[in-house]
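Undergrad: Quick one: the structure is below, questions incoming.
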Amino acid sequence: MLKVYTKVGDQGKTKQVTGKMVAKYDPQIQTLGALDELQSWLGVTVANLSPACQGLEEKLIKLEREMYELQADLVVKRHHTITLAEVTYMEEQIDAWTEELPEMKEFILPGGSKTSANLQYARALARTSERVCVLYADESGEVKSDSLKYLNRLSDYLFVMARYANLLEGVADVKSKPARPRRRPKK
């Protein structure tokens with residue numbers, strides 16, 4: 001029987017793919033953890049998609065699989081699955097969705113529909129993953145430029161997808177500034 005626990009990390013260290021033991025706060029381990037958190041939240045988002053947003057499921061599961069491949073790209077020397085093709089795909093989808101969305105004239109807050117709020121949280125996790133990955137890249141010199149481009153575009157993709165989810169559900173984006181009350185004319 002395969003055991004889930006190994007006890008290898010009981011002293012605050014973990015084993016890299018190479019077999020090297022490193023602290024659990026090692027930049028590579030931090031990056032993998034941030035991507036795992038994002039991947040897990042994408043799963044939560046898929047599990048809670050509204051009926052109007054079911055069409056996004058395939059795209060979100062694709063992202064979950066890409067998170068898995070990206071993690072492998074970061075730790076396995078000759079593994080290179082995430083390429084500019086994934087970046088281009090996201091850019092094309094962002095452009096297509098943006099054409100359907102109302103013009104954004106001010107900043108918006110995360111929220112609106114539940115699906116949109118979940119996607120906005122995924123966007124924030126993508127930004128965290130990107131920051132941690134950049135730190136790892138700067139310290140190790142081992143992160144492929146395609147991986148960094150992918151993570152940078154991913155947060156934009158999730159932001160626009162969140163707005164698109166609101167559109168699908170007929171819910172307005174939440175504007176960052178409250179509506180100004182109408183002034184009554186003086187008599």
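Going through the structure tokens in order, the chains are called A, B, and so on, while each chain numbers its residues from 1 and the ligands are numbered from 1 in the order shown.
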Residues within 7 Å of Val143 (chain A), please, as a count of residues only. Count only C-alpha atoms; anything in the same chain fewer than 4 positions from it doesn't count.
TA: 3
Undergrad: Step one, run DSSP on the backbone; step two, keep only residues of chain A assigned to alpha helix (DSSP H); then write them as a count of residues only.
TA: 109
Undergrad: Rank nothing, just name the residue among A:Arg180, A:Lys3, A:Lys114, A:Arg65 nearest to Leu35 (chain A), using only C-alpha atoms.
TA: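 Closest to Leu35 (chain A), using only C-alpha atoms: A:Arg65.
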Undergrad: Measuring between only C-alpha atoms, which one of A:Ile82, A:Ala172, A:Leu56, A:Leu109 shows the shortest distance to Ser145 (chain A)?
TA: A:Ile82
Undergrad: Any idea what's packed within 12 Å of Glu169 (chain A), counting only C-alpha atoms, ignoring anything in its chain fewer than 6 positions away? Could you give it as a PyMOL selection string?
TA: chain A and resi 49-55+112-116+162-163
Undergrad: What's around Leu38 (chain A) at 10 Å? Count only C-alpha atoms, leave out sequence neighbours fewer than 3 positions away in its own chain, and write the answer as a ChimeraX atom specification.
TA: /A:32-35,41-44,63-64,67,121-129
Undergrad: Okay, now the selection with C-alpha atoms, as a compact mmCIF listing (two decimals), in the first residue's frame?
TA:
```
# COMPACT_ATOMS: atom_id res chain seq x y z
CA LEU A 32 5.29 25.24 -6.03
CA GLY A 33 3.11 25.90 -2.98
CA ALA A 34 1.70 29.11 -4.44
CA LEU A 35 0.87 27.33 -7.71
CA TRP A 41 -8.76 27.34 -5.88
CA LEU A 42 -9.43 26.80 -9.56
CA GLY A 43 -10.89 23.42 -8.52
CA VAL A 44 -13.10 25.16 -5.95
CA LEU A 63 -5.82 25.94 -16.41
CA GLU A 64 -5.69 23.38 -13.61
CA MET A 67 -0.70 24.54 -13.33
CA TYR A 121 -9.68 35.43 -5.91
CA ALA A 122 -7.96 33.08 -8.37
CA ARG A 123 -6.56 36.21 -10.08
CA ALA A 124 -5.09 37.39 -6.77
CA LEU A 125 -3.56 33.95 -6.21
CA ALA A 126 -2.10 34.08 -9.72
CA ARG A 127 -0.43 37.41 -8.87
CA THR A 128 1.00 35.91 -5.67
CA SER A 129 2.27 32.91 -7.65
```
Undergrad: Tell me, as a compact mmCIF listing (two decimals) with C-alpha atoms, in the first residue's frame, which residues lie within 9 Å of region 10-23 of chain A, counting only C-alpha atoms; anything in the same chain fewer than 4 positions away does not count.
TA:
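Result saved to part_9.txt:
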```txt
# COMPACT_ATOMS: atom_id res chain seq x y z
CA THR A 6 6.57 9.83 4.40
CA GLN A 28 11.32 26.75 -5.36
CA ILE A 29 9.13 25.14 -2.71
CA VAL A 75 11.45 21.43 -11.21
CA VAL A 76 12.29 19.00 -14.03
```
Undergrad: Which residue is closest to Met90 (chain A)? Choose from A:Tyr68, A:Tyr136, A:Phe107, A:Phe159 and count only C-alpha atoms.
TA: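 Using only C-alpha atoms, the shortest distance to Met90 (chain A) belongs to A:Phe159.
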Undergrad: Using backbone DSSP assignments, extract all strand (DSSP E or B) residues from chain A; output them as number ranges by chain.
TA: A: 13-15, 21-23, 108-109, 174-175
Undergrad: Would you list the contacts of Glu100 (chain A) as a list in words, taking every protein, DNA or RNA residue within 10 Å and counting only C-alpha atoms, but skipping same-chain residues closer than 3 positions in sequence?
TA: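 After dropping sequence-adjacent residues, the list is Asp95, Ala96, Trp97, Glu103, Tyr164 and Leu167 of chain A.
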Undergrad: Determine, counting only C-alpha atoms, which protein, DNA and RNA residues have an atom within 8 Å of an atom of Thr81 (chain A); residues of the same chain fewer than 5 positions away are not included. Present the result as a PyMOL selection string.
TA: chain A and resi 69-70+73
Undergrad: CA of Ala165 (chain A) and CA of Lys62 (chain A), how far apart in Å?
TA: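 Atom-to-atom, CA of Lys62 (chain A) and CA of Ala165 (chain A) are spaced 17.0 Å apart.
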Undergrad: For a quick check of understanding, using only C-alpha atoms, which of A:Glu130, A:Glu86, A:Asp26, A:Glu106 has the smallest distance to Asp146 (chain A)?
TA: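 Comparing A:Glu130, A:Glu86, A:Asp26, A:Glu106 against Asp146 (chain A), the winner is A:Glu86.
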Undergrad: Smallest atom-to-atom distance to Arg153 (chain A): which of A:Val134, A:Val4, A:Ile94, A:Pro102, using only C-alpha atoms?
TA: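 Closest to Arg153 (chain A), using only C-alpha atoms: A:Ile94.
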Undergrad: Go through A:Pro27, A:Gly111, A:Met1, A:Leu154 one by one, measure the shortest atom-to-atom distance of each to Asp138 (chain A) using only C-alpha atoms, and give the residue with the smallest value.
TA: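 Looking only at the distances to Asp138 (chain A), the closest residue turns out to be A:Pro27.
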Undergrad: Using Å and a single decimal, report how far CA of Met161 (chain A) sits from CA of Glu58 (chain A).
TA: 12.7 Å
